[in-house]
file final08.tsv (TSV, C-alpha atoms)
chain	number	residue	atom	x	y	z
G	246	MET	CA	117.19	-267.64	-103.81
G	247	HIS	CA	117.82	-267.49	-107.55
G	248	SER	CA	115.21	-265.00	-108.76
G	249	GLY	CA	116.11	-261.40	-109.42
G	250	SER	CA	114.38	-258.05	-109.65
G	251	THR	CA	114.00	-255.02	-111.86
G	252	ALA	CA	114.95	-251.50	-110.81
G	253	CYS	CA	113.84	-248.15	-112.20
G	254	ILE	CA	115.09	-244.94	-110.62
G	255	VAL	CA	114.54	-241.31	-111.61
G	256	LEU	CA	117.03	-238.81	-110.20
G	257	VAL	CA	116.48	-235.07	-110.62
G	258	GLN	CA	119.28	-232.58	-109.99
G	259	ASP	CA	118.47	-228.97	-110.77
G	260	ARG	CA	116.76	-229.28	-114.16
G	261	HIS	CA	118.56	-232.43	-115.23
G	262	LEU	CA	116.73	-235.75	-115.04
G	263	TYR	CA	118.52	-239.10	-115.04
G	264	ALA	CA	116.54	-242.32	-115.57
G	265	ILE	CA	118.34	-245.47	-114.43
G	266	ASN	CA	116.79	-248.75	-115.51
G	267	VAL	CA	117.46	-252.49	-115.19
G	268	GLY	CA	114.80	-254.82	-116.61
G	269	ASP	CA	111.30	-254.08	-117.82
G	270	SER	CA	110.02	-251.53	-115.34
G	271	ARG	CA	109.54	-248.15	-117.03
G	272	ALA	CA	109.67	-244.40	-116.49
G	273	VAL	CA	107.50	-242.22	-118.75
G	274	LEU	CA	107.28	-238.45	-119.03
G	275	GLY	CA	104.08	-236.56	-119.79
G	276	THR	CA	105.15	-233.52	-121.79
G	277	ARG	CA	103.78	-230.84	-124.11
G	278	HIS	CA	106.97	-230.96	-126.19
G	279	ALA	CA	106.66	-231.87	-129.86
G	280	VAL	CA	107.03	-235.64	-130.17
G	281	GLY	CA	107.76	-236.88	-133.67
G	282	LEU	CA	105.23	-235.32	-136.03
G	283	ASP	CA	102.89	-234.41	-133.17
G	284	ARG	CA	103.48	-230.73	-132.49
G	285	SER	CA	100.19	-230.14	-130.70
G	286	ASP	CA	99.99	-228.69	-127.20
G	287	ARG	CA	98.40	-231.82	-125.75
G	288	VAL	CA	100.31	-233.88	-123.19
G	289	LYS	CA	102.19	-236.70	-124.88
G	290	ALA	CA	104.16	-239.72	-123.65
G	291	VAL	CA	107.95	-239.87	-123.86
G	292	ASP	CA	109.61	-243.05	-122.61
G	293	LEU	CA	112.52	-242.08	-120.38
G	294	THR	CA	113.65	-245.71	-120.26
G	295	THR	CA	113.65	-248.64	-122.68
G	296	ASP	CA	112.29	-252.02	-121.63
G	297	GLN	CA	115.24	-254.40	-121.68
G	298	SER	CA	114.18	-257.67	-123.26
G	299	ALA	CA	115.37	-260.22	-125.79
G	300	SER	CA	113.23	-258.50	-128.43
G	301	CYS	CA	116.10	-256.01	-128.78
G	302	PRO	CA	118.60	-257.44	-131.34
G	303	GLN	CA	121.68	-256.34	-129.37
G	304	GLU	CA	120.37	-257.80	-126.11
G	305	ARG	CA	119.29	-261.01	-127.84
G	306	GLN	CA	122.65	-261.50	-129.54
G	307	ARG	CA	124.51	-261.10	-126.24
G	308	ILE	CA	122.33	-263.81	-124.68
G	309	LEU	CA	122.79	-266.20	-127.62
G	310	ASN	CA	126.55	-265.61	-127.63
G	311	SER	CA	126.60	-266.47	-123.91
G	312	GLY	CA	124.91	-269.83	-124.45
G	313	GLY	CA	121.33	-268.85	-123.67
G	314	TYR	CA	118.24	-269.61	-125.73
G	315	VAL	CA	115.55	-267.16	-126.81
G	316	THR	CA	111.96	-267.68	-127.94
G	317	GLU	CA	109.73	-265.22	-129.75
G	318	PRO	CA	106.18	-264.93	-128.36
G	319	ALA	CA	103.53	-266.98	-130.11
G	320	VAL	CA	100.94	-264.32	-129.31
G	321	PRO	CA	101.54	-260.65	-130.26
G	322	GLY	CA	102.01	-258.41	-127.26
G	323	TYR	CA	103.53	-261.09	-125.06
G	324	PRO	CA	107.25	-261.01	-124.13
G	325	TRP	CA	110.25	-262.71	-125.66
G	326	ARG	CA	111.77	-265.15	-123.16
G	327	VAL	CA	115.24	-266.31	-122.18
G	328	TRP	CA	115.91	-269.98	-121.40
G	329	LEU	CA	118.77	-272.08	-120.07
G	330	ASP	CA	118.13	-275.15	-122.25
G	331	PRO	CA	117.40	-275.78	-125.94
G	332	GLU	CA	114.07	-277.40	-125.06
G	333	CYS	CA	113.06	-274.07	-123.48
G	334	THR	CA	111.82	-275.59	-120.23
G	335	ARG	CA	114.05	-273.82	-117.68
G	336	VAL	CA	113.43	-270.28	-116.43
G	337	GLY	CA	111.70	-268.40	-119.30
G	338	LEU	CA	112.80	-264.95	-118.12
G	339	ALA	CA	110.93	-262.10	-119.81
G	340	MET	CA	113.77	-259.57	-119.59
G	341	SER	CA	117.39	-259.36	-120.66
G	342	ARG	CA	118.73	-257.52	-117.60
G	343	SER	CA	118.02	-258.16	-113.96
G	344	LEU	CA	119.44	-257.57	-110.48
G	345	GLY	CA	120.45	-260.65	-108.53
G	346	ASP	CA	119.11	-263.26	-110.94
G	347	HIS	CA	121.70	-265.96	-110.27
G	348	ALA	CA	119.86	-268.61	-112.30
G	349	VAL	CA	120.56	-266.88	-115.61
G	350	LYS	CA	123.61	-264.73	-114.93
G	351	ASN	CA	125.80	-267.07	-117.00
G	352	VAL	CA	123.70	-266.73	-120.16
G	353	GLY	CA	124.09	-263.00	-120.71
G	354	ILE	CA	121.56	-261.56	-118.26
G	355	LEU	CA	123.28	-258.41	-117.00
G	356	PRO	CA	122.71	-256.35	-113.84
G	357	ASP	CA	124.15	-253.25	-115.55
G	358	PRO	CA	121.69	-250.34	-115.75
G	359	VAL	CA	121.03	-248.22	-118.81
G	360	ILE	CA	121.06	-244.51	-117.97
G	361	THR	CA	119.31	-241.84	-120.02
G	362	GLU	CA	119.21	-238.08	-119.53
G	363	TRP	CA	116.53	-235.44	-120.03
G	364	THR	CA	116.63	-231.68	-119.52
G	365	ILE	CA	113.43	-230.57	-117.77
G	366	THR	CA	111.57	-227.60	-119.28
G	367	PRO	CA	108.27	-225.88	-118.41
G	368	GLN	CA	106.54	-228.11	-121.02
G	369	ASP	CA	107.16	-231.20	-118.89
G	370	GLU	CA	104.12	-232.00	-116.75
G	371	PHE	CA	104.55	-235.25	-114.81
G	372	ILE	CA	106.42	-238.56	-114.55
G	373	ILE	CA	105.14	-242.11	-114.13
G	374	VAL	CA	107.52	-244.74	-112.76
G	375	ALA	CA	105.99	-248.22	-112.69
G	376	THR	CA	106.74	-251.93	-112.72
G	377	ASP	CA	105.93	-254.19	-115.65
G	378	GLY	CA	102.60	-255.14	-114.10
G	379	ILE	CA	101.37	-251.71	-115.17
G	380	TRP	CA	102.81	-251.92	-118.68
G	381	GLU	CA	101.76	-255.48	-119.56
G	382	PHE	CA	98.34	-254.37	-120.84
G	383	ILE	CA	98.64	-250.55	-120.80
G	384	ASP	CA	100.99	-248.70	-123.14
G	385	SER	CA	102.77	-245.46	-122.26
G	386	SER	CA	100.39	-243.21	-124.20
G	387	GLU	CA	97.29	-244.66	-122.52
G	388	ALA	CA	98.85	-244.29	-119.07
G	389	ILE	CA	99.83	-240.67	-119.72
G	390	ALA	CA	96.36	-239.87	-121.08
G	391	LEU	CA	94.67	-241.40	-118.04
G	392	VAL	CA	96.81	-239.47	-115.55
G	393	GLN	CA	96.39	-236.21	-117.47
G	394	ASP	CA	92.63	-236.73	-117.53
G	395	TYR	CA	92.61	-236.96	-113.75
G	396	PHE	CA	94.69	-233.81	-113.41
G	397	GLU	CA	92.39	-231.90	-115.77
G	398	ASN	CA	89.42	-232.97	-113.65
G	399	GLY	CA	90.94	-231.52	-110.50
G	400	TYR	CA	92.38	-234.66	-108.92
G	401	GLY	CA	95.91	-234.98	-107.55
G	402	ALA	CA	98.78	-237.37	-108.19
G	403	ASN	CA	97.56	-239.84	-105.55
G	404	GLU	CA	94.15	-240.22	-107.19
G	405	ALA	CA	95.70	-240.45	-110.67
G	406	CYS	CA	98.13	-243.12	-109.49
G	407	GLN	CA	95.31	-245.04	-107.82
G	408	ALA	CA	93.32	-244.97	-111.08
G	409	LEU	CA	96.30	-246.24	-113.09
G	410	ILE	CA	96.86	-249.13	-110.69
G	411	HIS	CA	93.17	-249.95	-110.67
G	412	LEU	CA	93.05	-250.04	-114.48
G	413	ALA	CA	96.08	-252.34	-114.57
G	414	MET	CA	94.37	-254.68	-112.09
G	415	LEU	CA	91.26	-254.78	-114.26
G	416	ARG	CA	93.29	-255.53	-117.40
G	417	TRP	CA	95.07	-258.42	-115.66
G	418	SER	CA	91.72	-259.83	-114.54
G	419	GLU	CA	90.36	-259.58	-118.08
G	420	ASN	CA	93.41	-261.25	-119.65
G	421	GLU	CA	94.80	-263.59	-117.00
G	422	GLU	CA	91.87	-264.10	-114.60
G	423	SER	CA	93.30	-264.71	-111.11
G	424	TYR	CA	97.01	-264.22	-111.96
G	425	ARG	CA	98.71	-260.82	-112.00
G	426	ASP	CA	102.28	-259.58	-111.98
G	427	ASP	CA	103.60	-257.01	-109.54
G	428	ILE	CA	101.70	-253.72	-109.96
G	429	THR	CA	103.53	-250.75	-108.45
G	430	ALA	CA	103.42	-247.15	-109.65
G	431	ILE	CA	104.52	-243.64	-108.70
G	432	VAL	CA	103.11	-240.44	-110.23
G	433	VAL	CA	105.00	-237.19	-109.68
G	434	LYS	CA	104.07	-233.71	-110.89
G	435	VAL	CA	107.26	-232.16	-112.25
G	436	ASN	CA	106.48	-228.59	-111.19
G	437	GLU	CA	105.93	-229.73	-107.60
G	438	LEU	CA	109.47	-231.07	-107.33
G	439	TRP	CA	110.51	-227.50	-106.48
G	440	ASN	CA	107.55	-226.83	-104.18
G	441	ASP	CA	108.68	-225.74	-100.71
G	442	ASP	CA	105.39	-226.76	-99.14
G	443	GLU	CA	106.18	-229.44	-96.55
G	444	HIS	CA	102.59	-230.64	-96.35
G	445	GLU	CA	102.39	-234.35	-97.00
G	446	THR	CA	99.35	-235.94	-98.59
G	447	PRO	CA	98.37	-239.16	-96.80
G	448	PRO	CA	98.79	-242.34	-98.87
G	449	ILE	CA	95.75	-243.91	-100.51
G	450	LYS	CA	94.94	-247.56	-99.85
G	451	ILE	CA	94.29	-249.43	-103.08
G	452	ASN	CA	91.21	-251.64	-102.94
G	453	ALA	CA	90.52	-253.87	-105.94
G	454	SER	CA	86.77	-253.79	-105.27
G	455	SER	CA	86.57	-250.00	-105.03
G	456	PRO	CA	86.90	-248.15	-108.35
G	457	PRO	CA	88.84	-244.88	-108.52
G	458	PRO	CA	86.98	-241.56	-108.86
G	459	PRO	CA	84.91	-241.29	-112.05
G	460	SER	CA	86.80	-240.26	-115.15
G	461	SER	CA	86.03	-239.99	-118.83
G	462	THR	CA	89.20	-241.99	-119.58
G	463	THR	CA	88.25	-245.08	-117.58
call {"tool": "encode", "arguments": {"input": "final08.tsv", "output": "structure tokens"}}
result
Amino acid sequence: MHSGSTACIVLVQDRHLYAINVGDSRAVLGTRHAVGLDRSDRVKAVDLTTDQSASCPQERQRILNSGGYVTEPAVPGYPWRVWLDPECTRVGLAMSRSLGDHAVKNVGILPDPVITEWTITPQDEFIIVATDGIWEFIDSSEAIALVQDYFENGYGANEACQALIHLAMLRWSENEESYRDDITAIVVKVNELWNDDEHETPPIKINASSPPPPSSTT
């Protein structure tokens, strides 16, 4: 096998959060902290990781210096791609780092993770960790708004996660018809990380034909 995989891990120790990322999966925090010029009390999105792709100048230069080839997307919103040949016919990887991707390891595709840190405060509400199938047609702010909407309407993390996955599936159907990338997501309420309650909520089965609970966001 020559294909690789992404990895996105969030580790919490005491009040310190470490986000470890390889590839284009993503971890996003929903927080009431001021973000840029937005000092409102609403829940806002903060990317805990950065998607690693050839769109980043440093990543792109490493690939070019290693003998790889890079193409810019012809359509806005689509990914930059990494190729093995100047005709751009071999591979077309949409990320600049990957685990176990032997086909492109010699053209600058690294398995090394990028690690970021965050100090958790009472303003931090929840975390979304998801594969690129979620983020292809949903940006971080929309995902955070959707999950927050479910929480404000009395639903839990399972229902919010189900709604996010369902929305991603709909967006893939609208844009790519029968094709879709891997769609995996986790939603975690930050304040429940220190909850001593051992009760486990049963998992929810995702059914593409059954919409999530009604919500003003979706």
call {"tool": "residues_near_point", "arguments": {"input": "final08.tsv", "point": "(102.5, -226.6, -108.9)", "cutoff": "12 Å", "atoms": "all atoms listed in the file", "output": "list in words"}}
result
Pro367, Asp369, Glu370, Phe371, Phe396, Gly401, Ala402, Val433, Lys434, Val435, Asn436, Glu437, Leu438, Trp439, Asn440, Asp441 and Asp442 of chain G
call {"tool": "closest_residue", "arguments": {"input": "final08.tsv", "among": "G:Ile308, G:Val315, G:Ile354, G:Ala348", "to": "Gly268 of chain G", "atoms": "all atoms listed in the file"}}
result
G:Ile354
call {"tool": "atom_distance", "arguments": {"input": "final08.tsv", "atom1": "atom CA of Tyr424 of chain G", "atom2": "atom CA of Ile379 of chain G"}}
result
13.6 Å
call {"tool": "atom_distance", "arguments": {"input": "final08.tsv", "atom1": "atom CA of Val280 of chain G", "atom2": "atom CA of Val267 of chain G"}}
result
24.8 Å
call {"tool": "residues_around", "arguments": {"input": "final08.tsv", "residues": "segment 253-258 of chain G", "least_positions_apart": "5", "cutoff": "10 Å", "atoms": "all atoms listed in the file", "output": "list in words"}}
result
Tyr263, Ala264, Ile265, Asn266, Val267, Gly268, Asp269, Ser270, Arg271, Ala272, Leu293, Thr294, Pro358, Val359, Ile360, Thr361, Glu362, Trp363, Thr364, Ile365, Ile372, Ile373, Val374, Ala375, Thr376, Val435 and Leu438 of chain G
call {"tool": "write_last_selection", "arguments": {"input": "final08.tsv", "atoms": "C-alpha atoms", "output": "short mmCIF file (atom, residue, chain, number, x, y, z; two decimals), in the frame of the given file"}}
result
data_model
loop_
_atom_site.label_atom_id
_atom_site.label_comp_id
_atom_site.auth_asym_id
_atom_site.auth_seq_id
_atom_site.Cartn_x
_atom_site.Cartn_y
_atom_site.Cartn_z
CA TYR G 263 118.52 -239.10 -115.04
CA ALA G 264 116.54 -242.32 -115.57
CA ILE G 265 118.34 -245.47 -114.43
CA ASN G 266 116.79 -248.75 -115.51
CA VAL G 267 117.46 -252.49 -115.19
CA GLY G 268 114.80 -254.82 -116.61
CA ASP G 269 111.30 -254.08 -117.82
CA SER G 270 110.02 -251.53 -115.34
CA ARG G 271 109.54 -248.15 -117.03
CA ALA G 272 109.67 -244.40 -116.49
CA LEU G 293 112.52 -242.08 -120.38
CA THR G 294 113.65 -245.71 -120.26
CA PRO G 358 121.69 -250.34 -115.75
CA VAL G 359 121.03 -248.22 -118.81
CA ILE G 360 121.06 -244.51 -117.97
CA THR G 361 119.31 -241.84 -120.02
CA GLU G 362 119.21 -238.08 -119.53
CA TRP G 363 116.53 -235.44 -120.03
CA THR G 364 116.63 -231.68 -119.52
CA ILE G 365 113.43 -230.57 -117.77
CA ILE G 372 106.42 -238.56 -114.55
CA ILE G 373 105.14 -242.11 -114.13
CA VAL G 374 107.52 -244.74 -112.76
CA ALA G 375 105.99 -248.22 -112.69
CA THR G 376 106.74 -251.93 -112.72
CA VAL G 435 107.26 -232.16 -112.25
CA LEU G 438 109.47 -231.07 -107.33
#
call {"tool": "residues_around", "arguments": {"input": "final08.tsv", "residues": "Ser386 of chain G", "least_positions_apart": "3", "cutoff": "10 Å", "atoms": "only C-alpha atoms", "output": "list of chain:residue names"}}
result
G:Val273, G:Leu274, G:Gly275, G:Val288, G:Lys289, G:Ala290, G:Val291, G:Asp292, G:Ile383, G:Ile389, G:Ala390, G:Leu391
call {"tool": "residues_around", "arguments": {"input": "final08.tsv", "residues": "Gly312 of chain G", "least_positions_apart": "6", "cutoff": "9 Å", "atoms": "all atoms listed in the file", "output": "compact mmCIF listing (two decimals) with C-alpha atoms, in the frame of the given file"}}
result
# COMPACT_ATOMS: atom_id res chain seq x y z
CA LEU G 329 118.77 -272.08 -120.07
CA ASP G 330 118.13 -275.15 -122.25
CA ASN G 351 125.80 -267.07 -117.00
CA VAL G 352 123.70 -266.73 -120.16
CA GLY G 353 124.09 -263.00 -120.71
call {"tool": "residues_around", "arguments": {"input": "final08.tsv", "residues": "Trp328 of chain G", "least_positions_apart": "5", "cutoff": "8 Å", "atoms": "all atoms listed in the file", "output": "ChimeraX atom specification"}}
result
/G:313-316,333-338
call {"tool": "decode", "arguments": {"input": "final08.tsv", "residues": "segment 335-353 of chain G", "atoms": "N, CA, C and O atoms", "output": "JSON list (two decimals), in the first residue's frame"}}
result
[["chain", "number", "residue", "atom", "x", "y", "z"],
["G", 335, "ARG", "N", 0.54, 12.13, -11.83],
["G", 335, "ARG", "CA", 0.76, 11.09, -10.82],
["G", 335, "ARG", "C", 0.56, 11.61, -9.41],
["G", 335, "ARG", "O", 1.18, 12.57, -8.98],
["G", 336, "VAL", "N", -0.37, 11.03, -8.73],
["G", 336, "VAL", "CA", -0.75, 11.23, -7.33],
["G", 336, "VAL", "C", -1.76, 12.37, -7.16],
["G", 336, "VAL", "O", -2.95, 12.14, -6.99],
["G", 337, "GLY", "N", -1.32, 13.63, -7.17],
["G", 337, "GLY", "CA", -2.26, 14.74, -6.94],
["G", 337, "GLY", "C", -2.71, 14.83, -5.50],
["G", 337, "GLY", "O", -3.89, 15.05, -5.20],
["G", 338, "LEU", "N", -1.77, 14.70, -4.56],
["G", 338, "LEU", "CA", -2.10, 14.73, -3.13],
["G", 338, "LEU", "C", -2.52, 16.13, -2.70],
["G", 338, "LEU", "O", -1.88, 17.11, -3.06],
["G", 339, "ALA", "N", -3.59, 16.20, -1.92],
["G", 339, "ALA", "CA", -4.14, 17.50, -1.52],
["G", 339, "ALA", "C", -3.63, 17.99, -0.18],
["G", 339, "ALA", "O", -4.23, 18.88, 0.42],
["G", 340, "MET", "N", -2.54, 17.42, 0.31],
["G", 340, "MET", "CA", -1.95, 17.88, 1.57],
["G", 340, "MET", "C", -0.43, 17.82, 1.46],
["G", 340, "MET", "O", 0.11, 17.16, 0.57],
["G", 341, "SER", "N", 0.24, 18.50, 2.37],
["G", 341, "SER", "CA", 1.70, 18.55, 2.32],
["G", 341, "SER", "C", 2.36, 17.71, 3.39],
["G", 341, "SER", "O", 3.58, 17.60, 3.43],
["G", 342, "ARG", "N", 1.54, 17.13, 4.29],
["G", 342, "ARG", "CA", 2.06, 16.20, 5.30],
["G", 342, "ARG", "C", 1.09, 15.03, 5.42],
["G", 342, "ARG", "O", -0.12, 15.20, 5.29],
["G", 343, "SER", "N", 1.66, 13.86, 5.66],
["G", 343, "SER", "CA", 0.83, 12.67, 5.70],
["G", 343, "SER", "C", 1.58, 11.56, 6.42],
["G", 343, "SER", "O", 2.81, 11.51, 6.40],
["G", 344, "LEU", "N", 0.83, 10.65, 7.04],
["G", 344, "LEU", "CA", 1.43, 9.48, 7.68],
["G", 344, "LEU", "C", 1.41, 8.30, 6.72],
["G", 344, "LEU", "O", 0.36, 7.94, 6.19],
["G", 345, "GLY", "N", 2.58, 7.71, 6.48],
["G", 345, "GLY", "CA", 2.65, 6.48, 5.72],
["G", 345, "GLY", "C", 2.41, 6.60, 4.23],
["G", 345, "GLY", "O", 2.10, 5.60, 3.58],
["G", 346, "ASP", "N", 2.56, 7.78, 3.68],
["G", 346, "ASP", "CA", 2.32, 7.96, 2.24],
["G", 346, "ASP", "C", 3.63, 7.74, 1.49],
["G", 346, "ASP", "O", 4.35, 8.67, 1.15],
["G", 347, "HIS", "N", 3.93, 6.47, 1.21],
["G", 347, "HIS", "CA", 5.22, 6.11, 0.62],
["G", 347, "HIS", "C", 5.37, 6.64, -0.80],
["G", 347, "HIS", "O", 6.49, 6.85, -1.27],
["G", 348, "ALA", "N", 4.26, 6.84, -1.50],
["G", 348, "ALA", "CA", 4.34, 7.26, -2.91],
["G", 348, "ALA", "C", 4.97, 8.65, -3.05],
["G", 348, "ALA", "O", 5.59, 8.94, -4.08],
["G", 349, "VAL", "N", 4.81, 9.49, -2.06],
["G", 349, "VAL", "CA", 5.29, 10.87, -2.19],
["G", 349, "VAL", "C", 6.27, 11.28, -1.10],
["G", 349, "VAL", "O", 6.59, 12.47, -0.95],
["G", 350, "LYS", "N", 6.77, 10.32, -0.36],
["G", 350, "LYS", "CA", 7.68, 10.67, 0.75],
["G", 350, "LYS", "C", 8.99, 11.28, 0.26],
["G", 350, "LYS", "O", 9.66, 12.01, 1.00],
["G", 351, "ASN", "N", 9.36, 11.01, -0.99],
["G", 351, "ASN", "CA", 10.63, 11.54, -1.51],
["G", 351, "ASN", "C", 10.50, 12.91, -2.14],
["G", 351, "ASN", "O", 11.49, 13.46, -2.64],
["G", 352, "VAL", "N", 9.29, 13.49, -2.15],
["G", 352, "VAL", "CA", 9.12, 14.83, -2.71],
["G", 352, "VAL", "C", 8.64, 15.82, -1.64],
["G", 352, "VAL", "O", 7.90, 16.74, -1.93],
["G", 353, "GLY", "N", 9.11, 15.60, -0.42],
["G", 353, "GLY", "CA", 8.88, 16.60, 0.62],
["G", 353, "GLY", "C", 7.62, 16.43, 1.44],
["G", 353, "GLY", "O", 7.29, 17.32, 2.24]]
